[in-house]
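See below for the structure under consideration.
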Amino acid sequence: MQPESKREGATRRDVLRSGARLALTIPLAGVASSALLAGCGSDDEPAAGAPPPTPPPDPVPPPAPVELPAEPAAEPVPVADAGAAALVTDLPDVAAMVAALQYTNTSGNPDQRCANCQLFAQTGDGIGKCQIFAQGYVTEGGWCVSWAAKAS
């Protein structure tokens, strides 16, 4: 084997230095390099026989904002109507929630009852709304496992 400086022809280092220039000048079997380059085209003009480029699609306009109707504010139940208000324990639609939260109309612990719970808002004489129950009312003396002390 001869030292690298004495070899004839291109060395490996010469090939790596020449990069793409060498690849473009290598003739291919039966294909002229000019024909090969003609099929490549450029960014400015389409290749011969290629269909014209399609324009980008028009941008889709954003949807128009939808205005939602304002929800009416919850009105407190007047004291006169408090007796007609249905307690959560009387409503079949919330029976599963009542059972899951172990709600009772009478608390076994006087320190933990709906009247001093963060989630309770009094609406009538002895009853109020609980933020957990979407329907019905709870008693002031009630209790459930979600009881949380009112912030002072």
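Residues are named by chain letter and number: chains run A, B, ... in the order of the structure tokens, numbers start at 1 in each chain, and ligands are numbered from 1 in the order shown.
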_Residues near region 87-95 of chain A, anyone? I mean within 7 Å using only C-alpha atoms, not counting same-chain ones fewer than 4 positions away, as a ChimeraX atom specification._
/A:99,135-138
*Please identify all polymer residues within 7 Å of Leu101 (chain A), counting only C-alpha atoms, omitting same-chain residues fewer than 5 positions from it, and present them as an MDAnalysis selection string.*
chainID A and resid 144:146
*Grab the CA of Val98 (chain A) to CA of Phe120 (chain A) distance for me, in Å with one decimal place.*
15.2 Å
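In this model, the gap between CA of Gln122 (chain A) and CA of Lys150 (chain A) comes to 12.9 Å.
Residue nearest Tyr103 (chain A) within the list A:Gly142, A:Pro56, A:Pro61, A:Pro51: A:Gly142 [criterion: smallest interatomic distance, only C-alpha atoms].
Comparing the minimum interatomic distances between Ser107 (chain A) and each of A:Asp58, A:Glu140, A:Glu67, A:Asp125, counting only C-alpha atoms, we find that A:Glu140 sits nearest.
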*Contacts of Ser152 (chain A) at 12 Å or less, counting only C-alpha atoms, minus same-chain residues fewer than 6 places along, as a list in words?*
Asn116, Cys117 and Gln118 of chain A
